[in-house]
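Have a look at work-v2.pdb below; it lists PDB, C-alpha atoms.
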ATOM      1  CA  MET A1436     126.796 112.438 100.549
ATOM      2  CA  SER A1437     123.550 113.707  99.044
ATOM      3  CA  LEU A1438     120.587 113.150 101.337
ATOM      4  CA  ALA A1439     117.146 112.323  99.944
ATOM      5  CA  PHE A1440     113.924 111.928 101.904
ATOM      6  CA  VAL A1441     110.988 109.860 100.679
ATOM      7  CA  PHE A1442     107.506 109.977 102.167
ATOM      8  CA  PRO A1443     105.132 106.976 102.205
ATOM      9  CA  GLY A1444     101.512 106.978 101.106
ATOM     10  CA  GLN A1445      98.372 105.083 101.922
ATOM     11  CA  GLY A1446      99.013 101.481 102.921
ATOM     12  CA  SER A1447     101.864 102.102 105.374
ATOM     13  CA  GLN A1448      99.552 102.905 108.275
ATOM     14  CA  SER A1449      99.143 100.615 111.290
ATOM     15  CA  VAL A1450      97.472 100.861 114.673
ATOM     16  CA  GLY A1451     100.068 102.031 117.189
ATOM     17  CA  MET A1452     102.283 103.739 114.625
ATOM     18  CA  LEU A1453     104.835 106.235 115.993
ATOM     19  CA  ARG A1454     104.019 105.303 119.601
ATOM     20  CA  GLU A1455     107.675 104.883 120.649
ATOM     21  CA  LEU A1456     108.706 108.052 118.847
ATOM     22  CA  ALA A1457     105.927 109.992 120.589
ATOM     23  CA  GLU A1458     106.993 108.695 123.999
ATOM     24  CA  ARG A1459     110.470 110.118 123.439
ATOM     25  CA  TYR A1460     109.633 113.278 121.490
ATOM     26  CA  PRO A1461     106.616 115.467 122.471
ATOM     27  CA  ARG A1462     106.717 117.099 119.027
ATOM     28  CA  VAL A1463     104.890 114.069 117.626
ATOM     29  CA  ARG A1464     101.811 114.534 119.799
ATOM     30  CA  ARG A1465     101.823 118.291 119.243
ATOM     31  CA  THR A1466     101.770 117.742 115.491
ATOM     32  CA  PHE A1467      98.846 115.343 115.806
ATOM     33  CA  ASP A1468      97.068 117.869 118.032
ATOM     34  CA  GLU A1469      97.410 120.451 115.240
ATOM     35  CA  ALA A1470      95.855 118.056 112.756
ATOM     36  CA  SER A1471      93.088 117.083 115.147
ATOM     37  CA  ALA A1472      92.149 120.742 115.566
ATOM     38  CA  VAL A1473      91.771 121.052 111.792
ATOM     39  CA  LEU A1474      89.699 117.875 111.459
ATOM     40  CA  GLY A1475      87.602 118.247 114.605
ATOM     41  CA  GLU A1476      88.466 114.750 115.807
ATOM     42  CA  ASP A1477      91.195 113.036 117.828
ATOM     43  CA  LEU A1478      93.445 111.679 115.084
ATOM     44  CA  TRP A1479      96.066 110.370 117.510
ATOM     45  CA  ALA A1480      93.474 108.267 119.349
ATOM     46  CA  VAL A1481      92.423 106.545 116.119
ATOM     47  CA  CYS A1482      96.054 105.901 115.178
ATOM     48  CA  GLN A1483      96.849 104.390 118.566
ATOM     49  CA  ASN A1484      93.640 102.599 119.470
ATOM     50  CA  GLY A1485      92.056 101.753 116.147
ATOM     51  CA  PRO A1486      90.165  99.744 115.307
ATOM     52  CA  ALA A1487      92.162  98.994 112.180
ATOM     53  CA  ALA A1488      89.059  99.363 110.023
ATOM     54  CA  ALA A1489      88.662 102.957 111.219
ATOM     55  CA  LEU A1490      92.310 103.828 110.536
ATOM     56  CA  ASP A1491      92.172 102.121 107.133
ATOM     57  CA  ALA A1492      89.175 104.194 106.019
ATOM     58  CA  THR A1493      90.501 106.450 103.268
ATOM     59  CA  GLU A1494      89.159 109.627 104.890
ATOM     60  CA  THR A1495      91.179 108.861 108.035
ATOM     61  CA  THR A1496      94.227 107.198 106.489
ATOM     62  CA  GLN A1497      95.209 110.134 104.318
ATOM     63  CA  PRO A1498      95.373 112.818 107.049
ATOM     64  CA  ALA A1499      96.871 110.269 109.458
ATOM     65  CA  MET A1500      99.735 109.369 107.136
ATOM     66  CA  LEU A1501     100.382 113.007 106.246
ATOM     67  CA  THR A1502     100.497 113.957 109.927
ATOM     68  CA  ALA A1503     102.723 111.031 110.854
ATOM     69  CA  ALA A1504     105.203 111.902 108.124
ATOM     70  CA  VAL A1505     105.306 115.599 109.017
ATOM     71  CA  ALA A1506     105.665 114.794 112.731
ATOM     72  CA  THR A1507     108.604 112.512 111.962
ATOM     73  CA  TYR A1508     110.262 115.143 109.783
ATOM     74  CA  ARG A1509     109.838 117.773 112.497
ATOM     75  CA  VAL A1510     111.517 115.484 115.019
ATOM     76  CA  TRP A1511     114.341 114.878 112.548
ATOM     77  CA  ARG A1512     114.955 118.606 112.204
ATOM     78  CA  ASP A1513     114.540 119.233 115.964
ATOM     79  CA  GLN A1514     117.289 116.687 116.633
ATOM     80  CA  GLY A1515     119.707 118.365 114.270
ATOM     81  CA  GLY A1516     118.988 116.325 111.174
ATOM     82  CA  PRO A1517     120.102 118.191 108.048
ATOM     83  CA  VAL A1518     117.711 119.465 105.414
ATOM     84  CA  PRO A1519     117.694 116.950 102.537
ATOM     85  CA  ALA A1520     118.688 118.074  99.070
ATOM     86  CA  LEU A1521     116.033 115.918  97.405
ATOM     87  CA  MET A1522     112.504 114.811  98.314
ATOM     88  CA  ALA A1523     109.779 112.680  96.800
ATOM     89  CA  GLY A1524     106.530 111.209  98.024
ATOM     90  CA  HIS A1525     104.651 108.122  96.904
ATOM     91  CA  SER A1526     101.135 109.212  95.951
ATOM     92  CA  LEU A1527      99.729 110.844  99.095
ATOM     93  CA  GLY A1528     103.338 111.218 100.228
ATOM     94  CA  GLU A1529     103.772 114.046  97.716
ATOM     95  CA  PHE A1530     101.710 116.238 100.036
ATOM     96  CA  SER A1531     103.987 115.333 102.965
ATOM     97  CA  ALA A1532     107.066 116.180 100.893
ATOM     98  CA  LEU A1533     105.620 119.553  99.917
ATOM     99  CA  VAL A1534     104.848 120.393 103.557
ATOM    100  CA  ALA A1535     108.380 119.397 104.597
ATOM    101  CA  ALA A1536     109.798 121.543 101.796
ATOM    102  CA  GLY A1537     107.746 124.570 102.851
ATOM    103  CA  ALA A1538     105.533 124.640  99.767
ATOM    104  CA  LEU A1539     102.310 123.763 101.608
ATOM    105  CA  GLY A1540     101.205 124.837 105.053
ATOM    106  CA  PHE A1541     100.574 121.901 107.360
ATOM    107  CA  ALA A1542      97.027 122.886 108.360
ATOM    108  CA  ASP A1543      96.142 123.527 104.720
ATOM    109  CA  ALA A1544      97.544 120.138 103.743
ATOM    110  CA  VAL A1545      95.568 118.296 106.432
ATOM    111  CA  ALA A1546      92.315 119.816 105.214
ATOM    112  CA  LEU A1547      93.338 119.222 101.612
ATOM    113  CA  VAL A1548      94.025 115.498 101.958
ATOM    114  CA  ARG A1549      90.792 114.965 103.908
ATOM    115  CA  PHE A1550      88.962 116.614 101.003
ATOM    116  CA  ARG A1551      90.996 114.550  98.516
ATOM    117  CA  ALA A1552      89.992 111.332 100.259
ATOM    118  CA  GLN A1553      86.327 112.281 100.296
ATOM    119  CA  ALA A1554      86.425 113.211  96.610
ATOM    120  CA  MET A1555      88.084 109.901  95.732
ATOM    121  CA  GLN A1556      85.481 107.868  97.580
ATOM    122  CA  ALA A1557      82.636 109.859  96.039
ATOM    123  CA  ALA A1558      84.009 109.299  92.516
ATOM    124  CA  VAL A1559      83.763 105.512  92.811
ATOM    125  CA  PRO A1560      81.346 104.177  95.447
ATOM    126  CA  PRO A1561      82.530 101.338  97.723
ATOM    127  CA  GLY A1562      82.413  97.966  96.012
ATOM    128  CA  GLU A1563      82.637  99.320  92.479
ATOM    129  CA  GLY A1564      86.396  99.856  92.386
ATOM    130  CA  ALA A1565      89.392  97.733  93.314
ATOM    131  CA  MET A1566      93.190  97.559  93.341
ATOM    132  CA  ALA A1567      95.577  94.613  93.131
ATOM    133  CA  ALA A1568      99.311  93.975  93.243
ATOM    134  CA  VAL A1569     100.985  91.949  90.505
ATOM    135  CA  LEU A1570     104.416  90.503  91.267
ATOM    136  CA  GLY A1571     106.902  88.854  88.976
ATOM    137  CA  LEU A1572     105.877  90.227  85.562
ATOM    138  CA  GLU A1573     107.453  92.842  83.323
ATOM    139  CA  ASP A1574     105.628  96.172  83.235
ATOM    140  CA  SER A1575     104.578  95.574  79.626
ATOM    141  CA  ASP A1576     103.101  92.184  80.513
ATOM    142  CA  VAL A1577     101.003  93.735  83.269
ATOM    143  CA  GLU A1578      99.727  96.371  80.857
ATOM    144  CA  ALA A1579      98.876  93.648  78.334
ATOM    145  CA  ALA A1580      97.005  91.700  81.028
ATOM    146  CA  CYS A1581      94.953  94.809  81.825
ATOM    147  CA  ALA A1582      94.113  95.341  78.164
ATOM    148  CA  GLU A1583      92.979  91.724  77.822
ATOM    149  CA  ALA A1584      90.883  91.829  80.986
ATOM    150  CA  ALA A1585      89.145  95.164  80.439
ATOM    151  CA  GLN A1586      86.242  93.908  78.297
ATOM    152  CA  GLY A1587      84.623  97.335  78.125
ATOM    153  CA  GLU A1588      85.511  98.307  81.689
ATOM    154  CA  ILE A1589      88.576 100.071  83.071
ATOM    155  CA  VAL A1590      91.594  98.356  84.586
ATOM    156  CA  GLU A1591      94.998 100.014  84.367
ATOM    157  CA  ALA A1592      98.537  99.698  85.678
ATOM    158  CA  VAL A1593      98.764 102.578  88.151
ATOM    159  CA  ASN A1594     101.828 102.093  90.378
ATOM    160  CA  PHE A1595     105.153 101.103  88.829
ATOM    161  CA  ASN A1596     106.793 100.549  92.192
ATOM    162  CA  ALA A1597     109.866  98.424  91.490
ATOM    163  CA  PRO A1598     111.072  95.839  88.991
ATOM    164  CA  GLY A1599     108.487  93.069  89.039
ATOM    165  CA  GLN A1600     106.016  94.926  91.240
ATOM    166  CA  VAL A1601     103.096  96.780  89.673
ATOM    167  CA  VAL A1602      99.752  97.776  91.156
ATOM    168  CA  ILE A1603      96.631  97.802  88.994
ATOM    169  CA  ALA A1604      93.304  99.565  89.582
ATOM    170  CA  GLY A1605      89.900 100.027  88.022
ATOM    171  CA  HIS A1606      86.416  98.538  88.055
ATOM    172  CA  ALA A1607      86.202  95.659  90.514
ATOM    173  CA  GLY A1608      85.178  93.073  87.906
ATOM    174  CA  ALA A1609      87.930  94.095  85.508
ATOM    175  CA  VAL A1610      90.554  93.976  88.254
ATOM    176  CA  ALA A1611      89.411  90.470  89.212
ATOM    177  CA  ARG A1612      89.747  89.353  85.580
ATOM    178  CA  ALA A1613      93.166  90.982  85.315
ATOM    179  CA  ILE A1614      94.353  89.037  88.352
ATOM    180  CA  GLU A1615      93.470  85.768  86.607
ATOM    181  CA  VAL A1616      95.057  86.872  83.326
ATOM    182  CA  ALA A1617      98.241  87.930  85.123
ATOM    183  CA  ARG A1618      98.463  84.554  86.838
ATOM    184  CA  ALA A1619      97.994  82.820  83.505
ATOM    185  CA  ARG A1620     100.819  84.944  82.078
ATOM    186  CA  GLY A1621     103.166  83.701  84.791
ATOM    187  CA  ALA A1622     102.875  86.211  87.625
ATOM    188  CA  LYS A1623     104.415  84.930  90.846
ATOM    189  CA  ARG A1624     101.565  86.534  92.752
ATOM    190  CA  ALA A1625      98.522  88.584  91.848
ATOM    191  CA  ILE A1626      96.476  89.586  94.854
ATOM    192  CA  ALA A1627      93.630  91.962  95.568
ATOM    193  CA  LEU A1628      94.437  94.815  97.952
ATOM    194  CA  PRO A1629      92.114  95.932 100.776
ATOM    195  CA  ILE A1630      91.395  99.244  99.026
ATOM    196  CA  SER A1631      88.086 100.017  97.344
ATOM    197  CA  VAL A1632      89.167 103.320  95.769
ATOM    198  CA  PRO A1633      90.965 102.740  92.432
ATOM    199  CA  ALA A1634      93.571 105.439  93.004
ATOM    200  CA  HIS A1635      95.611 106.795  90.087
ATOM    201  CA  SER A1636      93.279 105.266  87.505
ATOM    202  CA  SER A1637      91.266 107.271  85.015
ATOM    203  CA  LEU A1638      88.189 106.572  87.170
ATOM    204  CA  MET A1639      89.538 109.271  89.479
ATOM    205  CA  ALA A1640      88.983 112.036  86.894
ATOM    206  CA  PRO A1641      85.940 113.510  88.731
ATOM    207  CA  ALA A1642      87.917 113.565  91.992
ATOM    208  CA  ALA A1643      90.878 115.205  90.258
ATOM    209  CA  GLU A1644      88.617 117.947  88.919
ATOM    210  CA  ARG A1645      87.253 118.653  92.390
ATOM    211  CA  LEU A1646      90.755 118.637  93.867
ATOM    212  CA  GLY A1647      91.869 121.145  91.254
ATOM    213  CA  GLU A1648      89.080 123.511  92.256
ATOM    214  CA  ARG A1649      90.069 123.191  95.912
ATOM    215  CA  LEU A1650      93.760 123.691  95.171
ATOM    216  CA  ALA A1651      93.029 126.891  93.263
ATOM    217  CA  GLY A1652      92.160 128.479  96.596
ATOM    218  CA  THR A1653      95.038 126.919  98.552
ATOM    219  CA  ALA A1654      98.264 128.824  99.147
ATOM    220  CA  VAL A1655     101.276 127.140  97.530
ATOM    221  CA  ALA A1656     104.805 128.519  97.814
ATOM    222  CA  LYS A1657     107.967 127.858  95.840
ATOM    223  CA  PRO A1658     110.181 125.244  97.565
ATOM    224  CA  VAL A1659     113.558 126.822  98.358
ATOM    225  CA  GLY A1660     116.744 124.767  98.446
ATOM    226  CA  ILE A1661     115.049 121.381  98.064
ATOM    227  CA  ASP A1662     114.231 119.575  94.831
ATOM    228  CA  VAL A1663     110.815 117.932  95.204
ATOM    229  CA  TYR A1664     109.999 115.329  92.551
ATOM    230  CA  GLY A1665     106.399 114.963  91.443
ATOM    231  CA  VAL A1666     104.251 112.417  89.647
ATOM    232  CA  ASP A1667     105.909 113.150  86.298
ATOM    233  CA  VAL A1668     109.380 112.452  87.749
ATOM    234  CA  ARG A1669     110.272 116.119  87.406
ATOM    235  CA  VAL A1670     111.017 118.945  89.824
ATOM    236  CA  HIS A1671     108.490 121.769  89.788
ATOM    237  CA  THR A1672     109.053 125.050  91.597
ATOM    238  CA  ASP A1673     106.253 127.179  90.162
ATOM    239  CA  PRO A1674     103.176 127.043  92.449
ATOM    240  CA  GLY A1675     100.862 126.608  89.452
ATOM    241  CA  ALA A1676     102.875 123.636  88.234
ATOM    242  CA  ILE A1677     102.827 122.119  91.720
ATOM    243  CA  ARG A1678      99.036 122.412  91.854
ATOM    244  CA  ALA A1679      98.748 120.864  88.390
ATOM    245  CA  GLY A1680     100.975 117.979  89.424
ATOM    246  CA  LEU A1681      98.856 117.187  92.484
ATOM    247  CA  VAL A1682      95.752 117.101  90.297
ATOM    248  CA  LYS A1683      97.446 114.962  87.655
ATOM    249  CA  GLN A1684      98.761 112.378  90.111
ATOM    250  CA  LEU A1685      95.262 111.523  91.290
ATOM    251  CA  GLN A1686      94.276 110.103  87.896
ATOM    252  CA  THR A1687      97.602 108.986  86.370
ATOM    253  CA  PRO A1688     100.174 106.340  87.343
ATOM    254  CA  VAL A1689     102.853 106.661  89.993
ATOM    255  CA  TYR A1690     106.274 105.978  88.492
ATOM    256  CA  TRP A1691     108.067 105.302  91.741
ATOM    257  CA  ALA A1692     110.931 103.235  90.339
ATOM    258  CA  ALA A1693     111.688 105.960  87.779
ATOM    259  CA  THR A1694     111.507 108.625  90.491
ATOM    260  CA  VAL A1695     114.030 106.830  92.685
ATOM    261  CA  ARG A1696     116.384 106.204  89.760
ATOM    262  CA  THR A1697     116.189 109.897  88.861
ATOM    263  CA  MET A1698     117.064 110.885  92.426
ATOM    264  CA  LEU A1699     120.002 108.508  92.435
ATOM    265  CA  ASN A1700     121.235 109.895  89.117
ATOM    266  CA  ALA A1701     120.957 113.374  90.646
ATOM    267  CA  GLY A1702     123.433 112.315  93.325
ATOM    268  CA  ALA A1703     121.361 110.817  96.139
ATOM    269  CA  SER A1704     123.447 108.366  98.130
ATOM    270  CA  THR A1705     121.368 108.154 101.308
ATOM    271  CA  LEU A1706     117.614 107.502 101.164
ATOM    272  CA  VAL A1707     115.576 108.112 104.301
ATOM    273  CA  GLU A1708     111.951 107.007 104.518
ATOM    274  CA  CYS A1709     110.169 109.549 106.703
ATOM    275  CA  GLY A1710     107.069 108.112 108.330
ATOM    276  CA  PRO A1711     105.572 104.849 109.541
ATOM    277  CA  GLY A1712     106.590 101.505 108.096
ATOM    278  CA  LYS A1713     109.303 100.403 105.703
ATOM    279  CA  VAL A1714     107.340  99.951 102.486
ATOM    280  CA  LEU A1715     109.330 102.426 100.413
ATOM    281  CA  THR A1716     112.652 101.245 101.817
ATOM    282  CA  GLY A1717     111.804  97.721 100.687
ATOM    283  CA  LEU A1718     110.932  98.969  97.220
ATOM    284  CA  ASN A1719     114.003 101.200  97.016
ATOM    285  CA  ARG A1720     116.336  98.296  97.750
ATOM    286  CA  ARG A1721     114.962  96.477  94.711
ATOM    287  CA  ILE A1722     115.139  99.395  92.304
ATOM    288  CA  ASP A1723     118.923  99.701  92.008
ATOM    289  CA  LYS A1724     121.173  97.037  93.506
ATOM    290  CA  SER A1725     124.303  98.202  91.680
ATOM    291  CA  ARG A1726     125.080 101.164  93.954
ATOM    292  CA  ASP A1727     126.390 101.396  97.480
ATOM    293  CA  LEU A1728     123.429 103.172  99.060
ATOM    294  CA  LYS A1729     122.518 103.885 102.638
ATOM    295  CA  MET A1730     118.840 103.469 103.479
ATOM    296  CA  PHE A1731     116.936 104.194 106.663
ATOM    297  CA  ALA A1732     113.292 104.095 107.716
ATOM    298  CA  LEU A1733     112.445 106.521 110.509
ATOM    299  CA  GLU A1734     109.778 104.843 112.595
ATOM    300  CA  ASP A1735     111.176 104.702 116.145
ATOM    301  CA  PRO A1736     113.911 106.338 118.274
ATOM    302  CA  LYS A1737     116.528 103.720 117.381
ATOM    303  CA  SER A1738     116.140 104.133 113.624
ATOM    304  CA  LEU A1739     116.098 107.916 114.036
ATOM    305  CA  GLU A1740     119.371 107.863 115.964
ATOM    306  CA  GLU A1741     121.010 105.600 113.392
ATOM    307  CA  ALA A1742     119.981 107.868 110.527
ATOM    308  CA  LEU A1743     121.079 110.998 112.400
ATOM    309  CA  GLN A1744     124.491 109.492 113.024
ATOM    310  CA  ALA A1745     124.879 108.501 109.384
ATOM    311  CA  ALA A1746     123.831 111.985 108.238
ATOM    312  CA  GLY A1747     126.089 113.734 110.708
ATOM    313  CA  GLY A1748     123.204 115.230 112.656
TER     314      GLY A1748
END

Will you turn the file into C-alpha cells for me?
Amino acid sequence: MSLAFVFPGQGSQSVGMLRELAERYPRVRRTFDEASAVLGEDLWAVCQNGPAAALDATETTQPAMLTAAVATYRVWRDQGGPVPALMAGHSLGEFSALVAAGALGFADAVALVRFRAQAMQAAVPPGEGAMAAVLGLEDSDVEAACAEAAQGEIVEAVNFNAPGQVVIAGHAGAVARAIEVARARGAKRAIALPISVPAHSSLMAPAAERLGERLAGTAVAKPVGIDVYGVDVRVHTDPGAIRAGLVKQLQTPVYWAATVRTMLNAGASTLVECGPGKVLTGLNRRIDKSRDLKMFALEDPKSLEEALQAAGG
C-alpha cells in the first residue's frame, strides 16, 4: 500500500470545524495557539464561534485552513500514523503539504498565508472579481465559454477539479456572462461562488509578485522522503523551485484531477484528506473509478481511527 495525503484549500472551512478532534486530542488546540501567537488574534475562537462571515473572510480562512490541516496531521503522527510517501495540496493546501513534509516552518507558513490573502484581496478589490463552478461540461467547453464571455475582460478556467467540474474566475461581469454561456452550452449547473477574490486567474499577477518578494526571505528546506506535488503536477525538491511553484500557483490554474491521477500512477492506493471537510475526497472519487482505492477524510476521532487502522498505525 502506498499512502498519499491531500490537503484541502479555501472553501472547506466551517464554523465548529475540528471541535470533536480537539476534545479528544490537546495537540489541536496547541497548534491553534501557535498560530494565534503569530497572528495576534484568537484563531480558534473564530473557527469555533464564527460568525461564518468572519471565518469566510480570505485573511482569516487561509491561516485557519492551514492550521487545521497541520493540527490534523500532527495528531495523525502522534497516534502512530505512518509518514505518507506522497503529498499534494489543493491551492492553499500546498502550503499545508509543505509544512507537513518539513519544507516550511509552521510559524513561517502562518504568516505567509496571511500575507498571501492580503495580497490577493489588494490585487482585486471586493466586488470587482468573482468565481463560479461549472458542472457537466468538458474542460474544453468551459474554456470556450470563457473565451466567448470575456468581451475585453478576463474570465478563465482556473480549477480543473474532476471530470465535469471546473471553476472559473475573473472580472465579476465576465464571470456572470460565462455562467450564462455555460448554461446555454448545456452545463448541468453553473453557479457563482461566495468568493470575491478571483484566485488562480491572471488577475492575481500583482499578488503573485508580492508573494514572490516575501518568499525570497522565507526559509524553505528540501522535503526528505516525501514526494510533494505542486501546481505543475511535478515534484520539486529544490527550495528555489518550491518558491517559484508557490508564486506560479497564485496566478495559474490548479490541475487537481491531473495531480491525483499522477499520484495514483506513482503507486498511491490510499488517499487521506487531512483537514476539515470532505471536498477533496468527493472529487477524488470522481477522478478515477477504475481502481480499488481506499479513501478517508480526517475530520473527527472516528474517521481518524478508521484511517489509522487501514494504514496499520

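Between CA of Gln1483 (chain A) and CA of Ser1738 (chain A) lies a distance of 19.9 Å.
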
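Residue nearest Ala1457 (chain A), chosen from A:Ala1488, A:Val1593, A:Ala1585, A:Ala1506 and counting all atoms listed in the file: A:Ala1506.
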
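Counting only C-alpha atoms and comparing A:Ala1546, A:Ser1725, A:Gly1537, A:Arg1612, the residue that lies closest to Pro1658 (chain A) is A:Gly1537.
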
key: Selection under test: the PyMOL selection byres ((chain A and resi 1615) around 12); residues as a list in words   = Ala1567, Val1569, Val1577, Ala1580, Cys1581, Glu1583, Ala1584, Gly1608, Ala1609, Val1610, Ala1611, Arg1612, Ala1613, Ile1614, Val1616, Ala1617, Arg1618, Ala1619, Arg1620, Gly1621, Ala1622, Lys1623, Arg1624, Ala1625, Ile1626 and Ala1627 of chain A

Can those selected residues be exported to a file as an mmCIF file, in the frame of the given file so that it contains C-alpha atoms?
data_model
loop_
_atom_site.group_PDB
_atom_site.id
_atom_site.type_symbol
_atom_site.label_atom_id
_atom_site.label_comp_id
_atom_site.auth_asym_id
_atom_site.auth_seq_id
_atom_site.Cartn_x
_atom_site.Cartn_y
_atom_site.Cartn_z
ATOM 1 C CA ALA A 1567 95.577 94.613 93.131
ATOM 2 C CA VAL A 1569 100.985 91.949 90.505
ATOM 3 C CA VAL A 1577 101.003 93.735 83.269
ATOM 4 C CA ALA A 1580 97.005 91.700 81.028
ATOM 5 C CA CYS A 1581 94.953 94.809 81.825
ATOM 6 C CA GLU A 1583 92.979 91.724 77.822
ATOM 7 C CA ALA A 1584 90.883 91.829 80.986
ATOM 8 C CA GLY A 1608 85.178 93.073 87.906
ATOM 9 C CA ALA A 1609 87.930 94.095 85.508
ATOM 10 C CA VAL A 1610 90.554 93.976 88.254
ATOM 11 C CA ALA A 1611 89.411 90.470 89.212
ATOM 12 C CA ARG A 1612 89.747 89.353 85.580
ATOM 13 C CA ALA A 1613 93.166 90.982 85.315
ATOM 14 C CA ILE A 1614 94.353 89.037 88.352
ATOM 15 C CA VAL A 1616 95.057 86.872 83.326
ATOM 16 C CA ALA A 1617 98.241 87.930 85.123
ATOM 17 C CA ARG A 1618 98.463 84.554 86.838
ATOM 18 C CA ALA A 1619 97.994 82.820 83.505
ATOM 19 C CA ARG A 1620 100.819 84.944 82.078
ATOM 20 C CA GLY A 1621 103.166 83.701 84.791
ATOM 21 C CA ALA A 1622 102.875 86.211 87.625
ATOM 22 C CA LYS A 1623 104.415 84.930 90.846
ATOM 23 C CA ARG A 1624 101.565 86.534 92.752
ATOM 24 C CA ALA A 1625 98.522 88.584 91.848
ATOM 25 C CA ILE A 1626 96.476 89.586 94.854
ATOM 26 C CA ALA A 1627 93.630 91.962 95.568
#

Which residues of region 1516-1590 of chain A come within 12 Å of region 1649-1655 of chain A, and what is each one's closest atom pair and distance in Å (one decimal), counting all atoms listed in the file, sorted by chain and residue number, as JSON lines?
{"residue": "A:Phe1530", "atom": "CA", "partner": "A:Val1655", "partner_atom": "CA", "distance": 11.2}
{"residue": "A:Leu1533", "atom": "CA", "partner": "A:Val1655", "partner_atom": "CA", "distance": 9.1}
{"residue": "A:Val1534", "atom": "CA", "partner": "A:Val1655", "partner_atom": "CA", "distance": 9.7}
{"residue": "A:Ala1536", "atom": "CA", "partner": "A:Val1655", "partner_atom": "CA", "distance": 11.1}
{"residue": "A:Gly1537", "atom": "CA", "partner": "A:Val1655", "partner_atom": "CA", "distance": 8.8}
{"residue": "A:Ala1538", "atom": "CA", "partner": "A:Val1655", "partner_atom": "CA", "distance": 5.4}
{"residue": "A:Leu1539", "atom": "CA", "partner": "A:Val1655", "partner_atom": "CA", "distance": 5.4}
{"residue": "A:Gly1540", "atom": "CA", "partner": "A:Ala1654", "partner_atom": "CA", "distance": 7.7}
{"residue": "A:Phe1541", "atom": "CA", "partner": "A:Ala1654", "partner_atom": "CA", "distance": 11.0}
{"residue": "A:Ala1542", "atom": "CA", "partner": "A:Thr1653", "partner_atom": "CA", "distance": 10.8}
{"residue": "A:Asp1543", "atom": "CA", "partner": "A:Thr1653", "partner_atom": "CA", "distance": 7.1}
{"residue": "A:Ala1544", "atom": "CA", "partner": "A:Thr1653", "partner_atom": "CA", "distance": 8.9}
{"residue": "A:Val1545", "atom": "CA", "partner": "A:Thr1653", "partner_atom": "CA", "distance": 11.7}
{"residue": "A:Ala1546", "atom": "CA", "partner": "A:Thr1653", "partner_atom": "CA", "distance": 10.1}
{"residue": "A:Leu1547", "atom": "CA", "partner": "A:Arg1649", "partner_atom": "CA", "distance": 7.7}
{"residue": "A:Val1548", "atom": "CA", "partner": "A:Arg1649", "partner_atom": "CA", "distance": 10.6}
{"residue": "A:Arg1549", "atom": "CA", "partner": "A:Arg1649", "partner_atom": "CA", "distance": 11.5}
{"residue": "A:Phe1550", "atom": "CA", "partner": "A:Arg1649", "partner_atom": "CA", "distance": 8.4}
{"residue": "A:Arg1551", "atom": "CA", "partner": "A:Arg1649", "partner_atom": "CA", "distance": 9.1}
{"residue": "A:Ala1554", "atom": "CA", "partner": "A:Arg1649", "partner_atom": "CA", "distance": 10.6}

request  = Show which residues sit within 8 Å of Ala1503 (chain A), as a VMD selection string. Count only C-alpha atoms, and ignore same-chain residues fewer than 6 positions away.
outcome  = chain A and resid 1453 1463 1467 1710 to 1711
